[in-house]
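Colleague: Can you keep this structure in mind? I'll have questions shortly.
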Protein chains: 2
Amino acid sequence: MKIHIVKIGGHLINDRKSLHDSLEAFCKLQEYKVLIHGGGRKADFISNKMGISPKMIQGRRITDKETLDIVIMTYAGIINKNIVAILQSYHCNALGLCGADGNCIKSYLRKVTNIDYGYVGDINGKSVNTHLIKFLLKNNIIPVFCSITHNGIGNLLNTNADTIAAYIAMSLAREKDCKVELHFCFEKKGVLRNVQDSESYFRKINFHLFQKMKQNHTITNGMIPKLENAFFALKNGVTKVSIGLPNCLNDVNNNNQTMLCL
Amino acid sequence: MKIHIVKIGGHLINDRKSLHDSLEAFCKLQEYKVLIHGGGRKADFISNKMGISPKMIQGRRITDKETLDIVIMTYAGIINKNIVAILQSYHCNALGLCGADGNCIKSYLRKVTNIDYGYVGDINGKSVNTHLIKFLLKNNIIPVFCSITHNGIGNLLNTNADTIAAYIAMSLAREKDCKVELHFCFEKKGVLRNVQDSESYFRKINFHLFQKMKQNHTITNGMIPKLENAFFALKNGVTKVSIGLPNCLNDVNNNNQTMLCL
């Protein structure tokens, strides 16, 4: 079975029209498909509304107890359920999941080293319940994942959505009967050479170029873990990884986005 | 197939120990089972934290746009996912659902008459997707419903959890191969004769007695719709309806709770 793993994040989630357009593009994918969404900006908004300033260190969220409740409410609640309702209105039989649901993504609390990230769940090659995902797909149910996982002993944890997308893709790619493509969609045409110029996207990035870009700081903080996830997936059986606008999901020529290769 | 439909609400949701005890009792049910939960008190708490006073008329919530977002976050987010994580820790393969997920409960916006309840979804005999519920149950997945539904055209709506429990029970009871029991669990031993005396619960209430109790105001506001849902279910094929503490779920003698009969 051919499976598209689609991650949507960034401004796509916050802007009503962008979200609808993204979901419409997702619906048009003809093969099996899985959606993963972020929602950090909405979580910041709700956090501030509750009088809690989001805590960030080096661009990464510190998930204390209060913040954990906020990200659960935001990601698994308002964002996930609205996405599912919109997909259903497009006759796409979506079903929203966090990692606890059907025990589909198990994580472990990140160990404290220099920085205490709080209630953050890390995942590994054994975390994803591919049996459940394939079972749902084969029964015409489209899984929609938020980036909340669980540790199996009753606790929910906050996990990076790009990482979840990459591990779902890799875990399915390991199965004999699956051919998996991974798409990171956001509000830009791809990985930009110059962040001021929205047209300056790379058509292709190979692993060697990525290493060079890290060294000479062509790519910024947030893009580094995204590309690391992307290359990790590519090295672990995922056949195609792209980064770009959601309307490129249905572009078979792969011209208007950043394609990754080893 | 014999199916237990269990609703938990009231203080059971808010108190950590009560919630764990309730879920443990739920897990011990040997037959097929479905959980439905409320969460009004938690929604009030989060609403107040966001600087929005809950709006109530005659004990019923008015769901304006802001409140709709809060109940979605609270019911489908924090409460539903925590319940699922706890059940998973008890090796009960729970999967959380709102009505949009897998199109499992479709509702329609309540028409404005005297009072505008806002974004409230009413349901009917055709609302529940029994096919999905039975499919999950037969595949060893325990559905856990929050009281958020959808209208099929992209909107989420707030629906009373007791009503959802009753309609899920009735809809399954209509199917040839199902025998359904409905249990309303809360922090009291049953329907009380005297609200000051926690031991004064009725062992049995028949429909005639219920009508009399309404007339002479033995039962208070919140209990009337609960009992109306309960009798409605009993009149529509549900074989047993009980109201009481969650630890009575596994009490086959039905002595320490209120049993309803026609």
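Every chain in the structure tokens takes a letter, A first, then B, and so on in the order presented; its residues are numbered from 1, and the ligands are numbered from 1 following the presented order.
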If we count only C-alpha atoms, which residues of chain B reach to within 10 Å of chain A? Please list them as an MDAnalysis selection string.

Modeller: chainID B and resid 46:51 68:104 135:136 139:144 148:156

Colleague: Per DSSP on the backbone, what are the alpha helix (DSSP H) residues of range 89-261 of chain B, as a count of residues only?

Modeller: 45

Colleague: A:Thr220, A:Gln30, A:Thr239, A:Asn255: which is nearest Lys204 in chain A, counting only C-alpha atoms?

Modeller: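 Under the stated criterion, the closest residue is A:Asn255.
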
Colleague: Leaving out Lys188 in chain B and any residue of its chain fewer than 2 positions from it, which residues lie within 12 Å of it when counting only C-alpha atoms, given as a tab-separated table (two decimals) with C-alpha atoms, in the first residue's frame?

Modeller:
```tsv
chain	number	residue	atom	x	y	z
B	8	ILE	CA	-19.42	9.41	34.24
B	9	GLY	CA	-19.94	12.97	35.29
B	10	GLY	CA	-20.22	15.42	38.14
B	11	HIS	CA	-17.45	15.51	40.73
B	12	LEU	CA	-16.08	12.16	39.53
B	18	SER	CA	-12.57	9.55	42.17
B	184	PHE	CA	-25.24	6.90	34.84
B	185	CYS	CA	-22.42	7.24	37.38
B	186	PHE	CA	-21.84	10.24	39.60
B	190	GLY	CA	-28.46	7.25	43.47
B	191	VAL	CA	-31.44	9.57	43.12
B	192	LEU	CA	-31.90	11.08	46.59
B	193	ARG	CA	-35.22	11.53	48.40
B	194	ASN	CA	-33.54	14.24	50.47
B	195	VAL	CA	-30.48	15.97	49.01
B	196	GLN	CA	-29.10	16.56	52.52
B	197	ASP	CA	-29.03	12.81	53.24
B	198	SER	CA	-26.65	10.83	51.02
B	199	GLU	CA	-28.18	7.53	52.21
B	200	SER	CA	-31.73	8.48	51.20
B	201	TYR	CA	-31.47	7.06	47.69
B	202	PHE	CA	-34.37	5.32	45.98
B	223	MET	CA	-31.90	15.35	37.88
B	243	ILE	CA	-27.98	5.66	38.47
B	244	GLY	CA	-25.35	5.61	41.20
B	245	LEU	CA	-21.72	5.33	42.26
B	246	PRO	CA	-19.21	3.84	39.80
B	247	ASN	CA	-18.32	1.04	42.22
B	248	CYS	CA	-21.84	-0.34	41.59
B	256	ASN	CA	-26.78	-0.04	46.18
B	257	GLN	CA	-27.98	2.26	43.47
B	258	THR	CA	-31.17	3.55	41.89
```

Colleague: Find the spatial neighbours of range 58-65 of chain B, counting only C-alpha atoms, within a cut-off of 6 Å - ignore same-chain residues fewer than 3 positions away - and output them as a PyMOL selection string.

Modeller: chain B and resi 55+68+117-119

Colleague: Selected residues, C-alpha atoms, written as a PDB file, in the first residue's frame, please.

Modeller:
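Now in selection.pdb:
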```pdb
ATOM      1  CA  LYS B  55     -23.219  31.907  31.088  1.00  0.00           C
ATOM      2  CA  LEU B  68     -17.694  26.602  22.314  1.00  0.00           C
ATOM      3  CA  TYR B 117     -28.517  28.332  23.707  1.00  0.00           C
ATOM      4  CA  GLY B 118     -25.893  29.138  21.082  1.00  0.00           C
ATOM      5  CA  TYR B 119     -23.732  26.434  19.533  1.00  0.00           C
TER       6      TYR B 119
END
```

Colleague: Neighbours of Lys240 in chain B within 12 Å (only C-alpha atoms; same-chain residues fewer than 6 positions away dropped), as an MDAnalysis selection string?

Modeller: chainID B and resid 2:6 166 169:170 173 179:184 204 230:234 249 252 254 258:262

Colleague: Go ahead and save the residues from that selection, with N, CA, C and O atoms, as a compact mmCIF listing (two decimals), in the first residue's frame.

Modeller:
```txt
# COMPACT_ATOMS: atom_id res chain seq x y z
N LYS B 2 -23.40 -8.20 24.34
CA LYS B 2 -23.90 -7.40 25.46
C LYS B 2 -22.99 -6.18 25.62
O LYS B 2 -21.76 -6.32 25.66
N ILE B 3 -23.57 -4.99 25.69
CA ILE B 3 -22.76 -3.76 25.74
C ILE B 3 -23.18 -2.91 26.94
O ILE B 3 -24.37 -2.63 27.12
N HIS B 4 -22.22 -2.50 27.74
CA HIS B 4 -22.46 -1.55 28.82
C HIS B 4 -22.14 -0.15 28.31
O HIS B 4 -21.04 0.10 27.82
N ILE B 5 -23.10 0.74 28.46
CA ILE B 5 -22.86 2.16 28.14
C ILE B 5 -22.75 2.87 29.49
O ILE B 5 -23.71 2.89 30.26
N VAL B 6 -21.59 3.43 29.77
CA VAL B 6 -21.33 4.04 31.07
C VAL B 6 -21.08 5.53 30.91
O VAL B 6 -20.19 5.93 30.16
N ALA B 166 -27.60 8.25 26.40
CA ALA B 166 -28.91 7.63 26.15
C ALA B 166 -29.08 7.26 24.68
O ALA B 166 -29.54 6.15 24.35
N ALA B 169 -26.91 4.31 23.68
CA ALA B 169 -27.53 3.08 24.22
C ALA B 169 -28.72 2.65 23.36
O ALA B 169 -28.82 1.49 22.94
N MET B 170 -29.61 3.58 23.09
CA MET B 170 -30.82 3.25 22.31
C MET B 170 -30.48 2.82 20.89
O MET B 170 -31.08 1.88 20.36
N ALA B 173 -29.18 -0.58 21.01
CA ALA B 173 -30.24 -1.51 21.41
C ALA B 173 -31.16 -1.87 20.25
O ALA B 173 -31.79 -2.93 20.23
N LYS B 179 -27.54 -6.34 23.16
CA LYS B 179 -28.30 -6.22 24.41
C LYS B 179 -27.57 -5.15 25.20
O LYS B 179 -26.37 -5.28 25.47
N VAL B 180 -28.26 -4.07 25.55
CA VAL B 180 -27.57 -2.88 26.06
C VAL B 180 -28.02 -2.49 27.46
O VAL B 180 -29.22 -2.47 27.75
N GLU B 181 -27.06 -2.20 28.33
CA GLU B 181 -27.34 -1.65 29.65
C GLU B 181 -26.71 -0.26 29.75
O GLU B 181 -25.63 -0.04 29.24
N LEU B 182 -27.43 0.63 30.42
CA LEU B 182 -26.98 2.03 30.53
C LEU B 182 -26.79 2.39 32.00
O LEU B 182 -27.68 2.14 32.82
N HIS B 183 -25.63 2.93 32.33
CA HIS B 183 -25.32 3.28 33.71
C HIS B 183 -24.90 4.75 33.79
O HIS B 183 -23.93 5.15 33.14
N PHE B 184 -25.65 5.52 34.58
CA PHE B 184 -25.24 6.90 34.84
C PHE B 184 -24.50 6.93 36.17
O PHE B 184 -25.12 6.66 37.23
N LYS B 204 -35.51 1.89 43.72
CA LYS B 204 -36.21 1.73 42.44
C LYS B 204 -37.06 2.96 42.15
O LYS B 204 -37.66 3.51 43.07
N ALA B 230 -32.99 8.76 30.95
CA ALA B 230 -32.95 7.38 31.43
C ALA B 230 -34.23 6.63 31.05
O ALA B 230 -34.17 5.52 30.51
N PHE B 231 -35.39 7.23 31.30
CA PHE B 231 -36.66 6.56 30.97
C PHE B 231 -36.86 6.45 29.46
O PHE B 231 -37.41 5.47 28.97
N PHE B 232 -36.39 7.46 28.74
CA PHE B 232 -36.47 7.42 27.28
C PHE B 232 -35.71 6.20 26.75
O PHE B 232 -36.20 5.47 25.88
N ALA B 233 -34.52 5.97 27.32
CA ALA B 233 -33.71 4.81 26.91
C ALA B 233 -34.43 3.50 27.26
O ALA B 233 -34.48 2.57 26.44
N LEU B 234 -35.01 3.47 28.45
CA LEU B 234 -35.69 2.26 28.92
C LEU B 234 -36.90 1.93 28.03
O LEU B 234 -37.21 0.76 27.77
N LEU B 249 -20.96 -0.49 39.32
CA LEU B 249 -20.95 -1.03 37.95
C LEU B 249 -20.79 -2.54 37.95
O LEU B 249 -21.32 -3.24 37.10
N VAL B 252 -23.70 -7.08 40.67
CA VAL B 252 -24.74 -7.77 39.90
C VAL B 252 -26.10 -7.76 40.60
O VAL B 252 -27.13 -7.97 39.98
N ASN B 254 -27.49 -5.19 42.08
CA ASN B 254 -28.15 -3.89 41.87
C ASN B 254 -28.77 -3.33 43.14
O ASN B 254 -29.80 -2.67 43.09
N THR B 258 -29.78 3.39 42.31
CA THR B 258 -31.17 3.55 41.89
C THR B 258 -31.38 2.82 40.57
O THR B 258 -30.70 3.11 39.58
N MET B 259 -32.31 1.84 40.58
CA MET B 259 -32.64 1.12 39.35
C MET B 259 -33.93 1.72 38.80
O MET B 259 -34.87 1.98 39.55
N LEU B 260 -33.97 1.90 37.49
CA LEU B 260 -35.19 2.44 36.89
C LEU B 260 -36.00 1.33 36.25
O LEU B 260 -35.45 0.36 35.73
N CYS B 261 -37.34 1.44 36.34
CA CYS B 261 -38.20 0.48 35.65
C CYS B 261 -39.43 1.20 35.13
O CYS B 261 -39.78 2.28 35.61
N LEU B 262 -40.06 0.61 34.15
CA LEU B 262 -41.21 1.28 33.52
C LEU B 262 -42.49 1.10 34.34
O LEU B 262 -42.54 0.32 35.25
```

Colleague: Skipping near chain neighbours, those fewer than 4 positions away, what residues fall within 10 Å of Gly125 in chain A using only C-alpha atoms, listed as a PyMOL selection string?

Modeller: chain A and resi 167-168+170-171+174

Colleague: Store the residues picked out above, limited to C-alpha atoms, as a tab-separated table (two decimals), in the first residue's frame.

Modeller:
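Saved as result-v8.tsv:
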```tsv
chain	number	residue	atom	x	y	z
A	167	TYR	CA	8.64	8.33	12.91
A	168	ILE	CA	5.19	7.42	11.60
A	170	MET	CA	9.71	5.43	8.97
A	171	SER	CA	7.75	2.91	11.02
A	174	ARG	CA	9.68	-0.71	7.58
```

Colleague: For CA of Met56 in chain A and CA of Leu19 in chain A, determine how far apart the two atoms are, in Å to one decimal place.

Modeller: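 Distance between the two atoms: 25.5 Å.
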
Colleague: Tell me which of B:Asn14, B:Lys214, B:Ser127, B:Asn158 sits closest to Phe45 in chain B, counting only C-alpha atoms.

Modeller: B:Asn14
